[in-house]
$ cat my_file_35.cif   # mmCIF, C-alpha atoms and all ligand atoms
data_model
#
loop_
_atom_site.label_atom_id
_atom_site.label_comp_id
_atom_site.auth_asym_id
_atom_site.auth_seq_id
_atom_site.Cartn_x
_atom_site.Cartn_y
_atom_site.Cartn_z
CA MET A 1 97.16 145.45 106.83
CA LEU A 2 97.30 141.71 107.39
CA ARG A 3 98.31 141.29 103.77
CA LEU A 4 101.35 143.50 104.36
CA LEU A 5 102.50 141.42 107.27
CA LEU A 6 101.95 137.90 105.98
CA ASN A 7 103.38 136.15 102.97
CA ASP A 8 101.21 134.35 100.41
CA ASP A 9 101.54 130.95 102.04
CA PHE A 10 100.10 132.17 105.30
CA LEU A 11 97.35 134.11 103.57
CA LEU A 12 96.36 130.84 101.96
CA ILE A 13 96.25 129.14 105.31
CA LEU A 14 93.99 131.88 106.62
CA GLY A 15 91.78 131.50 103.54
CA MET A 16 91.88 127.72 104.09
CA PRO A 17 92.04 126.43 100.51
CA THR A 18 95.03 124.37 101.66
CA LEU A 19 97.02 123.66 104.81
CA HIS A 20 100.12 122.76 102.85
CA VAL A 21 103.07 125.16 102.87
CA PRO A 22 105.32 124.66 99.81
CA ILE A 23 108.90 123.79 100.68
CA LEU A 24 111.98 125.44 99.13
CA LYS A 25 109.62 127.32 96.85
CA GLN A 26 111.98 130.06 95.68
CA PRO A 27 114.99 127.89 94.75
CA ILE A 28 112.66 125.58 92.82
CA VAL A 29 110.97 128.43 90.95
CA ASP A 30 114.31 130.11 90.16
CA ALA A 31 115.79 126.85 88.85
CA LEU A 32 112.82 125.84 86.73
CA ILE A 33 112.00 129.24 85.23
CA TYR A 34 115.60 129.67 84.07
CA PRO A 35 115.38 127.52 80.88
CA PHE A 36 112.26 129.45 79.82
CA LEU A 37 114.16 132.73 80.20
CA GLN A 38 116.84 131.36 77.85
CA LEU A 39 114.36 130.87 75.01
CA SER A 40 113.99 133.55 72.38
CA LYS A 41 110.99 135.80 72.96
CA ASP A 42 108.87 134.32 70.18
CA ALA A 43 109.73 130.67 70.84
CA GLN A 44 106.84 128.20 70.64
CA THR A 45 104.87 127.33 73.77
CA HIS A 46 106.76 125.08 76.18
CA TRP A 47 105.47 123.31 79.26
CA LEU A 48 106.39 123.19 82.90
CA ILE A 49 105.13 120.06 84.64
CA ASP A 50 104.31 119.89 88.35
CA CYS A 51 103.98 116.13 88.94
CA THR A 52 102.75 116.63 92.51
CA LEU A 53 100.14 119.38 92.60
CA GLY A 54 99.12 118.79 96.26
CA GLY A 55 97.85 122.07 97.73
CA GLY A 56 99.07 123.89 94.62
CA GLY A 57 101.77 125.92 96.36
CA HIS A 58 104.50 125.36 93.79
CA THR A 59 102.05 125.54 90.88
CA ALA A 60 100.83 128.93 92.13
CA ALA A 61 104.42 130.18 92.32
CA PHE A 62 105.15 129.03 88.74
CA LEU A 63 101.98 130.73 87.44
CA ASP A 64 103.05 133.87 89.23
CA ALA A 65 106.56 133.74 87.76
CA PHE A 66 105.17 133.28 84.21
CA GLN A 67 102.81 136.21 84.73
CA LYS A 68 105.49 138.50 86.11
CA ASN A 69 107.72 137.95 83.07
CA PRO A 70 105.74 139.21 80.08
CA GLN A 71 107.89 137.25 77.59
CA LEU A 72 106.90 133.99 79.36
CA GLY A 73 103.13 134.55 79.27
CA HIS A 74 102.50 132.03 76.46
CA HIS A 75 104.18 129.08 78.23
CA LYS A 76 101.95 126.66 80.10
CA ILE A 77 101.81 124.54 83.21
CA LEU A 78 100.43 121.05 83.60
CA ALA A 79 99.95 119.89 87.18
CA MET A 80 99.05 116.33 88.08
CA ASP A 81 98.29 114.42 91.24
CA ARG A 82 97.20 110.87 92.05
CA ASP A 83 94.76 112.33 94.60
CA LEU A 84 91.49 113.40 92.99
CA SER A 85 90.66 115.75 95.86
CA ALA A 86 93.88 117.73 95.21
CA ILE A 87 92.75 118.15 91.59
CA GLN A 88 89.23 119.15 92.63
CA ASN A 89 90.45 121.75 95.16
CA ALA A 90 92.79 123.21 92.55
CA GLN A 91 89.99 123.46 89.99
CA SER A 92 88.32 126.19 92.02
CA ARG A 93 91.51 127.80 93.32
CA PHE A 94 93.01 128.15 89.83
CA GLN A 95 89.77 128.58 87.88
CA SER A 96 90.85 131.71 86.03
CA ALA A 97 94.31 130.35 85.07
CA ILE A 98 92.59 127.21 83.75
CA GLU A 99 90.00 129.20 81.80
CA GLN A 100 92.72 131.39 80.28
CA GLY A 101 94.62 128.29 79.15
CA HIS A 102 97.67 128.83 81.40
CA LEU A 103 97.13 125.69 83.49
CA GLU A 104 95.93 122.13 82.91
CA LEU A 105 95.15 119.72 85.76
CA VAL A 106 95.28 115.95 85.37
CA HIS A 107 94.39 113.18 87.82
CA ALA A 108 97.27 110.80 87.19
CA ARG A 109 100.23 109.13 88.80
CA PHE A 110 103.91 109.09 87.92
CA GLY A 111 103.56 105.86 85.96
CA ASP A 112 101.14 107.66 83.59
CA LEU A 113 103.47 110.60 82.98
CA LEU A 114 104.45 109.91 79.37
CA ASN A 115 100.85 109.19 78.35
CA VAL A 116 99.70 112.39 80.00
CA LEU A 117 102.37 114.48 78.29
CA GLU A 118 101.74 113.07 74.82
CA ASN A 119 104.15 115.11 72.69
CA ARG A 120 104.22 118.33 74.69
CA PRO A 121 107.62 120.06 74.63
CA VAL A 122 108.58 120.05 78.31
CA LEU A 123 111.27 122.40 79.56
CA ALA A 124 110.92 121.89 83.29
CA LEU A 125 109.49 119.29 85.61
CA MET A 126 109.22 119.01 89.36
CA ALA A 127 108.10 116.45 91.91
CA ASP A 128 107.61 117.10 95.63
CA LEU A 129 107.34 113.54 96.93
CA GLY A 130 105.18 112.03 99.63
CA PHE A 131 101.96 113.48 101.00
CA SER A 132 100.54 116.94 101.59
CA SER A 133 99.51 118.48 104.90
CA ASP A 134 95.93 118.43 103.59
CA GLN A 135 96.12 114.65 103.21
CA LEU A 136 97.75 114.27 106.63
CA GLY A 137 95.06 116.43 108.22
CA ASP A 138 92.21 114.47 106.65
CA ALA A 139 91.39 111.88 109.33
CA ASN A 140 89.42 109.79 106.82
CA ARG A 141 92.64 108.92 105.03
CA GLY A 142 94.21 107.42 108.12
CA LEU A 143 97.69 108.84 107.48
CA SER A 144 98.13 110.19 110.98
CA PHE A 145 98.06 108.54 114.39
CA GLN A 146 97.21 111.95 115.90
CA ALA A 147 93.56 111.58 114.90
CA GLU A 148 91.30 108.55 114.95
CA GLY A 149 90.42 107.44 111.44
CA PRO A 150 90.03 104.34 109.27
CA LEU A 151 93.32 102.54 108.59
CA ASP A 152 93.40 103.45 104.91
CA MET A 153 96.56 105.45 104.05
CA ARG A 154 95.92 105.58 100.29
CA LEU A 155 96.87 108.85 98.58
CA ASP A 156 94.58 107.91 95.69
CA LEU A 157 91.31 106.81 97.22
CA SER A 158 89.98 105.70 93.82
CA GLN A 159 92.23 102.64 93.53
CA GLY A 160 94.55 100.24 95.32
CA MET A 161 94.44 98.47 98.65
CA SER A 162 93.88 100.13 102.03
CA CYS A 163 96.46 99.67 104.76
CA ARG A 164 94.08 97.35 106.61
CA ASP A 165 93.68 95.14 103.54
CA PHE A 166 97.43 95.21 103.08
CA LEU A 167 97.95 94.08 106.68
CA ALA A 168 95.40 91.31 106.13
CA ARG A 169 97.59 89.81 103.37
CA VAL A 170 101.22 90.57 104.18
CA THR A 171 103.45 87.89 105.74
CA GLU A 172 105.19 88.58 109.03
CA LYS A 173 108.61 88.54 107.36
CA GLU A 174 107.52 90.94 104.63
CA LEU A 175 106.06 93.27 107.23
CA GLU A 176 109.22 93.18 109.30
CA ASN A 177 111.31 94.05 106.20
CA ILE A 178 108.97 96.90 105.28
CA LEU A 179 109.15 98.40 108.76
CA ARG A 180 112.94 98.08 108.85
CA GLU A 181 113.69 99.31 105.33
CA LEU A 182 111.00 101.91 104.73
CA GLY A 183 110.59 103.06 108.32
CA GLU A 184 114.13 102.47 109.62
CA GLU A 185 112.29 101.04 112.64
CA ARG A 186 114.67 99.28 115.01
CA PHE A 187 111.84 97.32 116.64
CA SER A 188 110.55 96.07 113.28
CA ARG A 189 110.52 92.42 114.35
CA ARG A 190 108.55 93.04 117.55
CA ILE A 191 106.03 95.32 115.83
CA ALA A 192 105.51 92.96 112.89
CA SER A 193 105.04 90.07 115.27
CA ALA A 194 102.51 92.02 117.39
CA ILE A 195 100.43 93.04 114.34
CA ILE A 196 100.39 89.51 112.91
CA ASP A 197 99.55 88.14 116.34
CA GLN A 198 96.52 90.45 116.56
CA ARG A 199 95.53 89.35 113.06
CA GLY A 200 95.70 85.71 114.15
CA ARG A 201 93.27 86.50 116.95
CA GLY A 202 90.84 88.14 114.51
CA GLN A 203 91.73 91.61 115.81
CA LEU A 204 93.42 93.26 112.86
CA PRO A 205 93.61 97.01 113.60
CA ALA A 206 90.83 98.89 111.83
CA THR A 207 91.76 102.42 112.88
CA THR A 208 94.86 104.58 113.14
CA GLN A 209 94.79 104.64 116.92
CA GLN A 210 94.35 100.90 117.20
CA LEU A 211 97.50 100.46 115.11
CA ALA A 212 99.38 103.10 117.14
CA GLU A 213 98.43 101.29 120.36
CA ILE A 214 99.72 97.96 119.05
CA VAL A 215 103.03 99.62 118.15
CA ILE A 216 103.37 101.25 121.57
CA ARG A 217 102.62 97.98 123.38
CA ALA A 218 105.10 96.10 121.17
CA ILE A 219 108.17 98.22 121.88
CA PRO A 220 110.14 98.38 125.15
CA SER A 221 108.70 100.91 127.61
CA SER A 222 112.01 102.81 127.59
CA ALA A 223 111.49 103.57 123.87
CA ARG A 224 107.92 104.82 124.19
CA HIS A 225 108.65 108.49 124.89
CA GLY A 226 111.32 109.51 122.37
CA ARG A 227 111.66 112.76 120.40
CA ILE A 228 109.17 111.51 117.82
CA HIS A 229 106.01 109.51 118.49
CA ALA A 230 106.73 105.79 118.74
CA ALA A 231 104.38 104.98 115.84
CA THR A 232 105.87 107.53 113.41
CA ARG A 233 108.20 105.10 111.66
CA THR A 234 105.58 102.36 111.35
CA PHE A 235 103.09 104.78 109.80
CA GLN A 236 105.73 106.09 107.40
CA ALA A 237 106.76 102.59 106.31
CA LEU A 238 103.18 101.42 105.79
CA ARG A 239 102.23 104.56 103.85
CA ILE A 240 105.18 104.10 101.49
CA ALA A 241 104.32 100.41 101.02
CA VAL A 242 100.54 100.87 100.59
CA ASN A 243 101.09 103.55 97.94
CA ASP A 244 103.97 101.71 96.28
CA GLU A 245 105.87 104.97 96.49
CA LEU A 246 109.33 103.66 95.60
CA SER A 247 108.08 101.95 92.41
CA GLU A 248 106.22 105.13 91.54
CA LEU A 249 109.44 107.11 91.96
CA ASP A 250 111.27 104.58 89.75
CA ALA A 251 108.62 105.07 87.05
CA LEU A 252 109.02 108.84 87.28
CA LEU A 253 112.81 108.70 87.09
CA GLU A 254 112.72 106.27 84.15
CA GLY A 255 110.36 108.58 82.24
CA LEU A 256 112.47 111.72 82.68
CA THR A 257 114.69 111.41 79.62
CA ALA A 258 111.70 110.92 77.32
CA ALA A 259 109.66 113.58 79.10
CA VAL A 260 112.05 116.52 79.32
CA GLN A 261 113.77 118.27 76.40
CA PRO A 262 117.54 118.84 76.25
CA GLN A 263 118.50 121.90 78.33
CA GLY A 264 115.31 121.39 80.32
CA ARG A 265 115.49 121.13 84.09
CA ILE A 266 114.20 118.73 86.69
CA ALA A 267 113.76 119.41 90.42
CA ILE A 268 112.91 116.64 92.87
CA LEU A 269 112.19 117.18 96.53
CA SER A 270 112.39 114.05 98.65
CA PHE A 271 111.88 113.26 102.32
CA HIS A 272 113.34 109.78 102.73
CA SER A 273 116.94 108.62 102.33
CA LEU A 274 115.92 105.80 99.94
CA GLU A 275 114.16 108.30 97.70
CA ASP A 276 117.06 110.75 97.77
CA ARG A 277 119.47 107.95 96.87
CA LYS A 278 117.38 106.98 93.83
CA VAL A 279 117.24 110.60 92.62
CA LYS A 280 120.96 111.05 93.16
CA GLN A 281 121.78 107.87 91.20
CA GLN A 282 119.54 108.91 88.32
CA PHE A 283 121.08 112.38 88.09
CA LYS A 284 124.53 110.75 87.99
CA LYS A 285 123.75 109.19 84.60
CA ARG A 286 125.99 111.60 82.78
CA ASP A 287 124.82 110.67 79.29
CA PHE A 288 121.42 112.08 80.16
CA PHE A 289 121.74 114.58 83.00
CA SER A 290 124.10 117.01 84.58
CA ALA A 291 123.41 117.48 88.24
CA LEU A 292 123.22 121.16 89.17
CA THR A 293 123.24 120.34 92.89
CA LYS A 294 126.24 118.26 93.94
CA LYS A 295 124.79 118.13 97.44
CA PRO A 296 121.05 118.39 98.02
CA VAL A 297 119.65 121.83 98.86
CA GLN A 298 118.01 121.91 102.28
CA ALA A 299 115.73 124.35 104.07
CA ASP A 300 117.41 126.97 106.23
CA GLU A 301 116.64 127.47 109.93
CA ILE A 302 114.02 130.16 109.25
CA GLU A 303 112.07 127.91 106.90
CA ILE A 304 112.37 124.99 109.34
CA GLN A 305 110.99 127.15 112.15
CA LEU A 306 108.08 128.32 110.03
CA ASN A 307 107.46 124.86 108.60
CA PRO A 308 108.97 121.95 110.58
CA ARG A 309 108.13 119.52 107.76
CA SER A 310 110.85 121.16 105.68
CA ARG A 311 113.54 119.81 108.03
CA SER A 312 113.88 116.49 106.22
CA ALA A 313 113.46 117.83 102.67
CA LYS A 314 116.26 117.31 100.16
CA LEU A 315 116.13 119.06 96.82
CA ARG A 316 118.14 117.89 93.83
CA ILE A 317 118.13 119.69 90.50
CA ALA A 318 119.50 118.46 87.18
CA GLU A 319 119.68 119.64 83.62
CA ARG A 320 118.79 117.30 80.78
CA ARG A 321 121.82 116.95 78.53
CA ASP A 322 121.90 117.44 74.78
CA ARG A 323 123.21 113.99 73.88
CA CYS A 324 120.88 111.02 73.25
C1 LIG B 1 104.17 117.04 99.23
S1 LIG B 1 102.67 117.04 98.36
C2 LIG B 1 102.92 118.28 97.12
C3 LIG B 1 102.71 119.65 97.66
C4 LIG B 1 102.76 120.75 96.61
N1 LIG B 1 104.08 120.83 96.02
C5 LIG B 1 102.38 122.07 97.23
O1 LIG B 1 103.25 122.95 97.36
O2 LIG B 1 101.23 122.24 97.62
C6 LIG B 1 102.78 115.58 97.43
C7 LIG B 1 101.60 115.34 96.50
O3 LIG B 1 102.04 114.40 95.54
C8 LIG B 1 101.01 113.49 95.31
N2 LIG B 1 101.64 112.24 94.87
C9 LIG B 1 102.38 111.39 95.61
N3 LIG B 1 102.79 110.35 94.88
C10 LIG B 1 102.30 110.57 93.62
C11 LIG B 1 102.39 109.85 92.40
N4 LIG B 1 103.04 108.69 92.34
N5 LIG B 1 101.79 110.34 91.30
C12 LIG B 1 101.12 111.54 91.36
N6 LIG B 1 100.99 112.26 92.50
C13 LIG B 1 101.58 111.80 93.61
C14 LIG B 1 100.30 113.35 96.63
O4 LIG B 1 98.97 112.89 96.42
C15 LIG B 1 100.38 114.77 97.18
O5 LIG B 1 99.24 115.51 96.85
#
$ encode --input "my_file_35.cif" --output "structure tokens"
Amino acid sequence: MLRLLLNDDFLLILGMPTLHVPILKQPIVDALIYPFLQLSKDAQTHWLIDCTLGGGGHTAAFLDAFQKNPQLGHHKILAMDRDLSAIQNAQSRFQSAIEQGHLELVHARFGDLLNVLENRPVLALMADLGFSSDQLGDANRGLSFQAEGPLDMRLDLSQGMSCRDFLARVTEKELENILRELGEERFSRRIASAIIDQRGRGQLPATTQQLAEIVIRAIPSSARHGRIHAATRTFQALRIAVNDELSELDALLEGLTAAVQPQGRIAILSFHSLEDRKVKQQFKKRDFFSALTKKPVQADEIEIQLNPRSRSAKLRIAERRDRC
């Protein structure tokens, strides 16, 4: 009975393999399955690449679409993620698809894309940028000020510098710029100064809530109770910096022409204006791509109500051109 009333995403939540609800799932699946439907029935195996496996929501939808179209059954999916725990969770969730050869999982980041692909013929590729709800909900990662946790913020816990180590090294000016540019934080100077001041007194924040408290104390009291939590922008900026997310996106965008075959499609879902601008600029390179979305696709009100995270999502889709 429950199964009749709830869609797959909510059944997954009830089953708890993931908390993450995939955003704009149907438009992404429709756009990326299309080039496979254009192939002749006996065409060789082609690949669809999910660069951001996360909770596996989009990957599951692609597997489903391949299975529902008998002529697509021999095409394959490769899903990657820089977070080893996303890969490990997916190994049990998708065990049968992996065993049957429909799905491959790889622990890798965007910069490794071309090495991971080797010479696979790729007809579709997607990236759903940022972090998953599973990562946000894991207090040990320190991505959220809602729960007390170590000030880490790394999406890939196997490498790189934690947020605390980053704050131990950054200069005040660099920190101010990061908060202003990546967080669009209007009190960037005050917050940077307060953090560096604490550092000078040997009291660098070690936990999420210690950092959130510094931010709240640093800003004017009139700004402490806005629509979003006062530390939201600082956490966003530091997460992007700690994970070098803009350079990672650059690496992904630079690899696209080599990765995806002519007539193949690319879908990128971004959550930050700087990211969306980079995607838009790349898809404007008319020798290589034709943009299929002149304006980004956004979630409708129903999706936003069901999943508030979808509010800031912007989806751009492009086709890889024949030339070059
Ligand atoms: C928004 S979630 C993806 C959610 C997924 N589409 C779903 O429906 O469950 C983003 C994922 O991308 C991963 N990620 C972020 N930056 C990455 C990068 N540079 N390389 C590989 N994976 C990355 C994160 O670890 C996270 O698991």
$ residues_near_ligand --input "my_file_35.cif" --ligand "ligand LIG 1 (chain B)" --cutoff "8 Å" --atoms "only C-alpha atoms and all ligand atoms" --output "short mmCIF file (atom, residue, chain, number, x, y, z; two decimals) with C-alpha atoms, in the frame of the given file"
data_model
loop_
_atom_site.label_atom_id
_atom_site.label_comp_id
_atom_site.auth_asym_id
_atom_site.auth_seq_id
_atom_site.Cartn_x
_atom_site.Cartn_y
_atom_site.Cartn_z
CA THR A 18 95.03 124.37 101.66
CA HIS A 20 100.12 122.76 102.85
CA VAL A 21 103.07 125.16 102.87
CA PRO A 22 105.32 124.66 99.81
CA ILE A 23 108.90 123.79 100.68
CA LYS A 25 109.62 127.32 96.85
CA ASP A 50 104.31 119.89 88.35
CA CYS A 51 103.98 116.13 88.94
CA THR A 52 102.75 116.63 92.51
CA LEU A 53 100.14 119.38 92.60
CA GLY A 54 99.12 118.79 96.26
CA GLY A 55 97.85 122.07 97.73
CA GLY A 56 99.07 123.89 94.62
CA GLY A 57 101.77 125.92 96.36
CA HIS A 58 104.50 125.36 93.79
CA THR A 59 102.05 125.54 90.88
CA MET A 80 99.05 116.33 88.08
CA ASP A 81 98.29 114.42 91.24
CA ARG A 82 97.20 110.87 92.05
CA ASP A 83 94.76 112.33 94.60
CA ALA A 86 93.88 117.73 95.21
CA HIS A 107 94.39 113.18 87.82
CA ALA A 108 97.27 110.80 87.19
CA ARG A 109 100.23 109.13 88.80
CA PHE A 110 103.91 109.09 87.92
CA GLY A 111 103.56 105.86 85.96
CA ALA A 127 108.10 116.45 91.91
CA ASP A 128 107.61 117.10 95.63
CA LEU A 129 107.34 113.54 96.93
CA GLY A 130 105.18 112.03 99.63
CA PHE A 131 101.96 113.48 101.00
CA SER A 132 100.54 116.94 101.59
CA SER A 133 99.51 118.48 104.90
CA GLN A 135 96.12 114.65 103.21
CA LEU A 155 96.87 108.85 98.58
CA ASP A 156 94.58 107.91 95.69
CA ASN A 243 101.09 103.55 97.94
CA GLU A 245 105.87 104.97 96.49
CA GLU A 248 106.22 105.13 91.54
CA LEU A 249 109.44 107.11 91.96
CA LEU A 252 109.02 108.84 87.28
#
$ residues_around --input "my_file_35.cif" --residues "segment 168-181 of chain A" --least-positions-apart "5" --cutoff "9 Å" --atoms "all atoms listed in the file" --output "tab-separated table (two decimals) with C-alpha atoms, keeping the file's coordinate frame"
chain	number	residue	atom	x	y	z
A	163	CYS	CA	96.46	99.67	104.76
A	186	ARG	CA	114.67	99.28	115.01
A	187	PHE	CA	111.84	97.32	116.64
A	188	SER	CA	110.55	96.07	113.28
A	189	ARG	CA	110.52	92.42	114.35
A	190	ARG	CA	108.55	93.04	117.55
A	191	ILE	CA	106.03	95.32	115.83
A	192	ALA	CA	105.51	92.96	112.89
A	193	SER	CA	105.04	90.07	115.27
A	195	ILE	CA	100.43	93.04	114.34
A	196	ILE	CA	100.39	89.51	112.91
A	199	ARG	CA	95.53	89.35	113.06
A	204	LEU	CA	93.42	93.26	112.86
A	233	ARG	CA	108.20	105.10	111.66
A	234	THR	CA	105.58	102.36	111.35
A	235	PHE	CA	103.09	104.78	109.80
A	236	GLN	CA	105.73	106.09	107.40
A	237	ALA	CA	106.76	102.59	106.31
A	238	LEU	CA	103.18	101.42	105.79
A	240	ILE	CA	105.18	104.10	101.49
A	241	ALA	CA	104.32	100.41	101.02
A	274	LEU	CA	115.92	105.80	99.94
$ residues_around --input "my_file_35.cif" --residues "Leu63 of chain A" --least-positions-apart "6" --cutoff "12 Å" --atoms "only C-alpha atoms" --output "list in words"
Val29, Leu32, Ile33, Trp47, Leu48, Ile49, Asp50, Gly56, Gly57, Asn69, Pro70, Leu72, Gly73, His74, His75, Lys76, Ile77, Leu78, Ala79, Phe94, Ser96, Ala97, Ile98, Gln100, Gly101, His102, Leu103 and Glu104 of chain A
$ atom_distance --input "my_file_35.cif" --atom1 "atom CA of Ile28 of chain A" --atom2 "atom CA of Ser144 of chain A"
27.9 Å
$ closest_residue --input "my_file_35.cif" --among "A:Asp322, A:Asp152, A:Asp276, A:Glu185" --to "Ala231 of chain A" --atoms "all atoms listed in the file"
A:Glu185
$ atom_distance --input "my_file_35.cif" --atom1 "atom CA of Lys314 of chain A" --atom2 "atom CA of Gln146 of chain A"
25.3 Å
$ decode --input "my_file_35.cif" --residues "segment 265-303 of chain A" --atoms "C-alpha atoms" --output "PDB file, in the first residue's frame"
ATOM      1  CA  ARG A 265      25.076  15.087 -24.252  1.00  0.00           C
ATOM      2  CA  ILE A 266      26.226  16.698 -21.055  1.00  0.00           C
ATOM      3  CA  ALA A 267      24.037  17.792 -18.120  1.00  0.00           C
ATOM      4  CA  ILE A 268      25.431  19.847 -15.251  1.00  0.00           C
ATOM      5  CA  LEU A 269      23.471  20.786 -12.162  1.00  0.00           C
ATOM      6  CA  SER A 270      24.997  23.607 -10.143  1.00  0.00           C
ATOM      7  CA  PHE A 271      24.067  25.415  -6.943  1.00  0.00           C
ATOM      8  CA  HIS A 272      26.289  28.490  -6.941  1.00  0.00           C
ATOM      9  CA  SER A 273      26.311  31.439  -9.341  1.00  0.00           C
ATOM     10  CA  LEU A 274      30.077  31.107  -9.948  1.00  0.00           C
ATOM     11  CA  GLU A 275      29.629  27.477 -10.942  1.00  0.00           C
ATOM     12  CA  ASP A 276      26.674  28.221 -13.203  1.00  0.00           C
ATOM     13  CA  ARG A 277      28.655  30.986 -14.911  1.00  0.00           C
ATOM     14  CA  LYS A 278      31.543  28.604 -15.644  1.00  0.00           C
ATOM     15  CA  VAL A 279      29.173  25.987 -17.112  1.00  0.00           C
ATOM     16  CA  LYS A 280      27.388  28.607 -19.191  1.00  0.00           C
ATOM     17  CA  GLN A 281      30.684  29.954 -20.590  1.00  0.00           C
ATOM     18  CA  GLN A 282      31.880  26.468 -21.484  1.00  0.00           C
ATOM     19  CA  PHE A 283      28.653  25.578 -23.284  1.00  0.00           C
ATOM     20  CA  LYS A 284      28.962  28.810 -25.273  1.00  0.00           C
ATOM     21  CA  LYS A 285      32.097  27.499 -27.005  1.00  0.00           C
ATOM     22  CA  ARG A 286      30.270  26.916 -30.244  1.00  0.00           C
ATOM     23  CA  ASP A 287      33.050  24.936 -31.916  1.00  0.00           C
ATOM     24  CA  PHE A 288      32.534  22.221 -29.336  1.00  0.00           C
ATOM     25  CA  PHE A 289      29.035  22.451 -27.888  1.00  0.00           C
ATOM     26  CA  SER A 290      25.547  23.543 -28.682  1.00  0.00           C
ATOM     27  CA  ALA A 291      23.645  24.546 -25.598  1.00  0.00           C
ATOM     28  CA  LEU A 292      20.240  22.877 -25.453  1.00  0.00           C
ATOM     29  CA  THR A 293      19.146  25.089 -22.552  1.00  0.00           C
ATOM     30  CA  LYS A 294      19.428  28.799 -23.323  1.00  0.00           C
ATOM     31  CA  LYS A 295      18.332  29.509 -19.768  1.00  0.00           C
ATOM     32  CA  PRO A 296      19.009  27.033 -16.984  1.00  0.00           C
ATOM     33  CA  VAL A 297      16.215  24.610 -16.077  1.00  0.00           C
ATOM     34  CA  GLN A 298      15.039  25.042 -12.497  1.00  0.00           C
ATOM     35  CA  ALA A 299      12.904  22.982 -10.144  1.00  0.00           C
ATOM     36  CA  ASP A 300       9.193  23.776 -10.094  1.00  0.00           C
ATOM     37  CA  GLU A 301       7.279  24.719  -6.946  1.00  0.00           C
ATOM     38  CA  ILE A 302       6.190  21.130  -6.259  1.00  0.00           C
ATOM     39  CA  GLU A 303       9.773  19.858  -6.337  1.00  0.00           C
TER      40      GLU A 303
END
